[in-house]
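Here is query-v8.pdb, consisting of PDB, C-alpha atoms:
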ATOM      1  CA  MET A   1       3.874 -11.638 -14.810
ATOM      2  CA  GLU A   2       5.654  -8.300 -15.038
ATOM      3  CA  PRO A   3       5.907  -6.381 -11.739
ATOM      4  CA  ILE A   4       4.282  -2.971 -11.428
ATOM      5  CA  ARG A   5       6.885  -0.279 -10.682
ATOM      6  CA  ILE A   6       5.902   3.231  -9.637
ATOM      7  CA  SER A   7       7.905   5.980  -7.932
ATOM      8  CA  VAL A   8       7.367   9.466  -6.553
ATOM      9  CA  GLN A   9       9.537  12.068  -4.873
ATOM     10  CA  VAL A  10       8.380  13.721  -1.671
ATOM     11  CA  ASN A  11       9.606  16.918  -0.062
ATOM     12  CA  THR A  12      10.580  15.474   3.287
ATOM     13  CA  SER A  13      13.275  13.468   5.009
ATOM     14  CA  LEU A  14      13.680   9.723   4.738
ATOM     15  CA  LYS A  15      12.376   9.178   8.269
ATOM     16  CA  GLU A  16       9.333  11.413   7.762
ATOM     17  CA  ALA A  17       8.532   9.850   4.360
ATOM     18  CA  PHE A  18       8.532   6.363   5.887
ATOM     19  CA  ALA A  19       6.392   7.525   8.814
ATOM     20  CA  ALA A  20       3.901   9.198   6.467
ATOM     21  CA  PHE A  21       3.547   6.002   4.458
ATOM     22  CA  THR A  22       3.142   3.705   7.458
ATOM     23  CA  GLU A  23       1.931   5.644  10.513
ATOM     24  CA  GLU A  24      -0.259   8.033   8.501
ATOM     25  CA  PHE A  25      -1.556   5.432   6.038
ATOM     26  CA  GLY A  26      -5.151   6.270   6.941
ATOM     27  CA  CYS A  27      -4.591   9.968   6.201
ATOM     28  CA  TRP A  28      -3.809   9.462   2.527
ATOM     29  CA  TRP A  29      -5.320   6.101   1.509
ATOM     30  CA  PRO A  30      -8.695   6.916  -0.115
ATOM     31  CA  SER A  31     -11.777   5.368   1.473
ATOM     32  CA  ALA A  32     -13.053   4.553  -2.032
ATOM     33  CA  TYR A  33     -10.206   1.994  -2.179
ATOM     34  CA  THR A  34     -11.445   0.074   0.873
ATOM     35  CA  LEU A  35     -14.208  -2.441   1.504
ATOM     36  CA  SER A  36     -15.958  -0.046   3.901
ATOM     37  CA  LYS A  37     -16.015   2.851   1.399
ATOM     38  CA  GLU A  38     -17.798   5.899   2.923
ATOM     39  CA  THR A  39     -18.360   4.101   6.257
ATOM     40  CA  LEU A  40     -14.610   3.596   6.795
ATOM     41  CA  ASP A  41     -13.380   4.481  10.274
ATOM     42  CA  THR A  42      -9.673   3.870   9.694
ATOM     43  CA  VAL A  43      -7.175   1.972   7.571
ATOM     44  CA  GLY A  44      -3.674   1.200   8.725
ATOM     45  CA  ILE A  45      -0.569  -0.929   8.985
ATOM     46  CA  GLU A  46       0.636  -2.495  12.237
ATOM     47  CA  PRO A  47       4.291  -1.378  12.623
ATOM     48  CA  ARG A  48       6.149  -4.697  12.799
ATOM     49  CA  GLU A  49       6.984  -7.818  10.823
ATOM     50  CA  GLY A  50       3.934 -10.038  11.002
ATOM     51  CA  GLY A  51       1.683  -7.036  11.627
ATOM     52  CA  PHE A  52      -1.586  -6.744   9.781
ATOM     53  CA  CYS A  53      -2.677  -4.323   7.096
ATOM     54  CA  TYR A  54      -6.265  -3.647   8.085
ATOM     55  CA  GLU A  55      -9.318  -1.486   7.895
ATOM     56  CA  ILE A  56     -11.936  -0.789  10.505
ATOM     57  CA  GLY A  57     -15.426   0.001   9.358
ATOM     58  CA  PRO A  58     -18.726   0.722  11.059
ATOM     59  CA  HIS A  59     -19.280  -0.524  14.613
ATOM     60  CA  GLY A  60     -15.649  -1.640  14.894
ATOM     61  CA  PHE A  61     -15.868  -4.206  12.070
ATOM     62  CA  ARG A  62     -12.265  -5.135  11.209
ATOM     63  CA  CYS A  63     -11.001  -6.601   7.969
ATOM     64  CA  ASP A  64      -7.371  -7.693   7.606
ATOM     65  CA  TRP A  65      -6.284  -7.391   3.971
ATOM     66  CA  GLY A  66      -2.542  -7.942   4.204
ATOM     67  CA  ARG A  67       0.420  -8.925   6.359
ATOM     68  CA  VAL A  68       3.732  -7.091   6.875
ATOM     69  CA  LYS A  69       6.631  -9.234   5.612
ATOM     70  CA  THR A  70       9.479  -6.748   6.007
ATOM     71  CA  TRP A  71       9.649  -3.869   8.470
ATOM     72  CA  ASN A  72      12.901  -1.948   8.040
ATOM     73  CA  PRO A  73      12.310   1.686   9.070
ATOM     74  CA  PRO A  74      13.031   4.108   7.555
ATOM     75  CA  HIS A  75      14.316   2.270   4.479
ATOM     76  CA  SER A  76      11.671  -0.245   3.412
ATOM     77  CA  ILE A  77       8.453  -2.062   4.059
ATOM     78  CA  ALA A  78       6.949  -5.043   2.234
ATOM     79  CA  PHE A  79       3.498  -6.489   2.763
ATOM     80  CA  LEU A  80       1.347  -9.218   1.315
ATOM     81  CA  TRP A  81      -1.631  -7.998  -0.711
ATOM     82  CA  GLN A  82      -4.344 -10.449   0.303
ATOM     83  CA  VAL A  83      -7.241  -9.029  -1.670
ATOM     84  CA  SER A  84      -8.520 -11.132  -4.546
ATOM     85  CA  PRO A  85      -9.341  -9.829  -8.042
ATOM     86  CA  ASN A  86     -13.021  -9.669  -7.000
ATOM     87  CA  SER A  87     -12.066  -7.335  -4.085
ATOM     88  CA  ALA A  88     -12.634  -9.938  -1.365
ATOM     89  CA  PRO A  89     -10.031 -10.561   1.346
ATOM     90  CA  ASP A  90      -8.192 -13.848   0.810
ATOM     91  CA  PRO A  91      -6.460 -15.150   3.955
ATOM     92  CA  ASN A  92      -4.385 -17.714   2.055
ATOM     93  CA  PRO A  93      -0.843 -16.255   1.730
ATOM     94  CA  ASP A  94      -0.209 -18.530  -1.262
ATOM     95  CA  HIS A  95      -2.771 -16.438  -3.176
ATOM     96  CA  ALA A  96      -1.210 -13.094  -2.205
ATOM     97  CA  SER A  97       0.908 -10.727  -4.247
ATOM     98  CA  GLU A  98       3.497  -8.548  -2.533
ATOM     99  CA  VAL A  99       3.918  -4.788  -2.301
ATOM    100  CA  GLN A 100       7.508  -3.643  -1.722
ATOM    101  CA  VAL A 101       8.234  -0.003  -0.896
ATOM    102  CA  ARG A 102      11.722   1.512  -0.662
ATOM    103  CA  PHE A 103      12.682   4.957   0.625
ATOM    104  CA  THR A 104      15.913   6.594  -0.587
ATOM    105  CA  PRO A 105      17.187  10.007   0.542
ATOM    106  CA  LEU A 106      17.857  12.558  -2.192
ATOM    107  CA  LYS A 107      19.498  15.960  -2.254
ATOM    108  CA  ASP A 108      17.800  18.929  -0.600
ATOM    109  CA  GLY A 109      15.978  16.799   1.992
ATOM    110  CA  GLN A 110      13.745  15.006  -0.511
ATOM    111  CA  THR A 111      13.045  11.281  -0.578
ATOM    112  CA  LEU A 112      12.480   8.923  -3.490
ATOM    113  CA  VAL A 113       9.698   6.423  -2.808
ATOM    114  CA  GLU A 114       9.721   3.367  -5.084
ATOM    115  CA  LEU A 115       6.899   0.835  -5.054
ATOM    116  CA  ASP A 116       6.959  -2.583  -6.723
ATOM    117  CA  HIS A 117       3.857  -4.784  -6.780
ATOM    118  CA  VAL A 118       5.090  -8.290  -7.595
ATOM    119  CA  ASN A 119       3.768 -11.841  -7.967
ATOM    120  CA  MET A 120       0.346 -10.756  -9.227
ATOM    121  CA  GLU A 121      -0.067 -14.176 -10.852
ATOM    122  CA  ARG A 122      -0.595 -15.657  -7.369
ATOM    123  CA  HIS A 123      -4.104 -14.176  -7.407
ATOM    124  CA  GLY A 124      -5.122 -16.876  -9.895
ATOM    125  CA  GLU A 125      -8.060 -16.423 -12.225
ATOM    126  CA  GLY A 126      -8.438 -12.780 -13.201
ATOM    127  CA  SER A 127      -4.879 -11.879 -12.156
ATOM    128  CA  SER A 128      -3.954 -10.377 -15.558
ATOM    129  CA  GLU A 129      -6.892  -7.987 -15.468
ATOM    130  CA  TYR A 130      -6.191  -7.272 -11.783
ATOM    131  CA  ARG A 131      -2.606  -6.371 -12.636
ATOM    132  CA  GLU A 132      -3.808  -4.044 -15.385
ATOM    133  CA  GLU A 133      -6.077  -2.248 -12.894
ATOM    134  CA  PHE A 134      -3.149  -1.616 -10.540
ATOM    135  CA  ALA A 135      -0.898  -0.584 -13.437
ATOM    136  CA  SER A 136      -3.474   1.925 -14.738
ATOM    137  CA  GLU A 137      -3.686   5.599 -13.827
ATOM    138  CA  TYR A 138      -6.350   4.630 -11.250
ATOM    139  CA  GLY A 139      -4.102   2.076  -9.535
ATOM    140  CA  TRP A 140      -0.793   2.580  -7.775
ATOM    141  CA  SER A 141      -0.055   5.777  -9.738
ATOM    142  CA  TYR A 142      -3.175   7.382  -8.272
ATOM    143  CA  LEU A 143      -2.520   6.004  -4.793
ATOM    144  CA  LEU A 144       1.075   7.236  -4.677
ATOM    145  CA  LEU A 145      -0.068  10.653  -5.896
ATOM    146  CA  GLN A 146      -2.418  10.727  -2.894
ATOM    147  CA  TYR A 147       0.518   9.857  -0.645
ATOM    148  CA  GLN A 148       2.722  12.493  -2.312
ATOM    149  CA  ALA A 149       0.048  15.184  -1.911
ATOM    150  CA  HIS A 150      -0.351  14.277   1.773
ATOM    151  CA  VAL A 151       3.388  14.456   2.421
ATOM    152  CA  ASN A 152       3.916  17.638   0.402
ATOM    153  CA  GLY A 153       0.892  19.343   1.942
ATOM    154  CA  ALA A 154      -0.882  19.820  -1.378
TER     155      ALA A 154
END
Could I get this structure in the form of structure tokens?
Amino acid sequence: MEPIRISVQVNTSLKEAFAAFTEEFGCWWPSAYTLSKETLDTVGIEPREGGFCYEIGPHGFRCDWGRVKTWNPPHSIAFLWQVSPNSAPDPNPDHASEVQVRFTPLKDGQTLVELDHVNMERHGEGSSEYREEFASEYGWSYLLLQYQAHVNGA
């Protein structure tokens, strides 16, 4: 299955772009794209290989939806996407796709942020439609625009 490839440029340094993606994940990731929706308390990424991608909802309810595979600040991060096509967490890493994000410094203090979502076929039944959702304007394009707006102060 073809990987999804999306990129944006942000008006900040490499180090700050990486920090905004990882440490400030909950500031730009929309609650509508979580299991908790409007009751979301926080969503985040634990800053280390093996760390969890998680959300915390009402009354401290925690849901782990991914696992950090590569932690290489400020150049890259990769994490397993362990959410099934029916939006349920799937703890089996064999069923997970992978999100790879690279940060490259550009002229004038800007940073190029490139995201690849690969191995979507691992999600099994419904993976083609799932891939199309992420490849649409409401998928990673929308999410990275949220990130870009957060970083650029828009």
Compile the contact shell of A:His123 as number ranges by chain: residues with an atom at most 12 Å away, counting all atoms listed in the file, same-chain residues fewer than 5 positions apart removed.
-> A: 1, 80-98, 118, 128-131
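The shortest atom-to-atom distance to A:Trp140, with all atoms listed in the file taken into account, belongs to A:Val8 out of A:Arg48, A:Phe61, A:Val8, A:Ser76.
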Which residue out of A:Ile56, A:Thr104, A:Ser13, A:Ser7 has the minimum interatomic distance to A:Ser31 when only C-alpha atoms are used?
->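 Between A:Ile56, A:Thr104, A:Ser13, A:Ser7, the residue approaching A:Ser31 most closely is A:Ile56.
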Expected selection from the PyMOL selection byres ((chain A and resi 63) around 12), given as a CSV table (one decimal) with C-alpha atoms, in the frame of the given file:
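What ended up in selection.csv:
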chain,number,residue,atom,x,y,z
A,34,THR,CA,-11.4,0.1,0.9
A,35,LEU,CA,-14.2,-2.4,1.5
A,36,SER,CA,-16.0,0.0,3.9
A,40,LEU,CA,-14.6,3.6,6.8
A,41,ASP,CA,-13.4,4.5,10.3
A,42,THR,CA,-9.7,3.9,9.7
A,43,VAL,CA,-7.2,2.0,7.6
A,44,GLY,CA,-3.7,1.2,8.7
A,45,ILE,CA,-0.6,-0.9,9.0
A,52,PHE,CA,-1.6,-6.7,9.8
A,53,CYS,CA,-2.7,-4.3,7.1
A,54,TYR,CA,-6.3,-3.6,8.1
A,55,GLU,CA,-9.3,-1.5,7.9
A,56,ILE,CA,-11.9,-0.8,10.5
A,57,GLY,CA,-15.4,0.0,9.4
A,58,PRO,CA,-18.7,0.7,11.1
A,60,GLY,CA,-15.6,-1.6,14.9
A,61,PHE,CA,-15.9,-4.2,12.1
A,62,ARG,CA,-12.3,-5.1,11.2
A,64,ASP,CA,-7.4,-7.7,7.6
A,65,TRP,CA,-6.3,-7.4,4.0
A,66,GLY,CA,-2.5,-7.9,4.2
A,67,ARG,CA,0.4,-8.9,6.4
A,82,GLN,CA,-4.3,-10.4,0.3
A,83,VAL,CA,-7.2,-9.0,-1.7
A,88,ALA,CA,-12.6,-9.9,-1.4
A,89,PRO,CA,-10.0,-10.6,1.3
A,90,ASP,CA,-8.2,-13.8,0.8
A,91,PRO,CA,-6.5,-15.2,4.0
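Residues in contact with A:Ile6 at 12 Å, where only C-alpha atoms are counted and same-chain residues fewer than 3 positions away are skipped, are listed as Pro3, Gln9, Val99, Gln100, Val101, Arg102, Leu112, Val113, Glu114, Leu115, Asp116, His117, Val118, Phe134, Ala135, Ser136, Glu137, Gly139, Trp140, Ser141, Tyr142, Leu143, Leu144 and Leu145 of chain A.
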Which value, in Å to one decimal, gives the distance between atom CA of A:Val68 and atom CA of A:Ala19?
-> 15.0 Å
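Using only C-alpha atoms, the shortest contact distance between A:Ala78 and any of A:Tyr138, A:Phe21, A:Tyr147, A:Trp28 is found at A:Phe21.
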Using the chain letters and numbers from the file, give me the residues hit by the PyMOL selection byres ((chain A and resi 72) around 10), as a PyMOL selection string.
-> chain A and resi 18+47-49+69-71+73-78+102
If you apply the PyMOL selection byres ((chain A and resi 154) around 12) to this file, what residues do you get, as a list in words?
-> Val10, Asn11, Trp28, Leu145, Gln146, Tyr147, Gln148, Ala149, His150, Val151, Asn152 and Gly153 of chain A
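Interatomic distance, atom CA of A:Glu38 to atom CA of A:Phe25: 16.5 Å.
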Give me, please, the distance in Å between atom CA of A:Glu121 and atom CA of A:Ile4, quoted to one decimal.
->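 The value is 12.0 Å.
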Rank A:Thr39, A:Ser127, A:Thr111, A:Asn119 by their smallest atom-to-atom distance to A:Ala17, using all atoms listed in the file, and report the top residue only.
->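 Checking each of A:Thr39, A:Ser127, A:Thr111, A:Asn119 against A:Ala17, counting all atoms listed in the file, the winner is A:Thr111.
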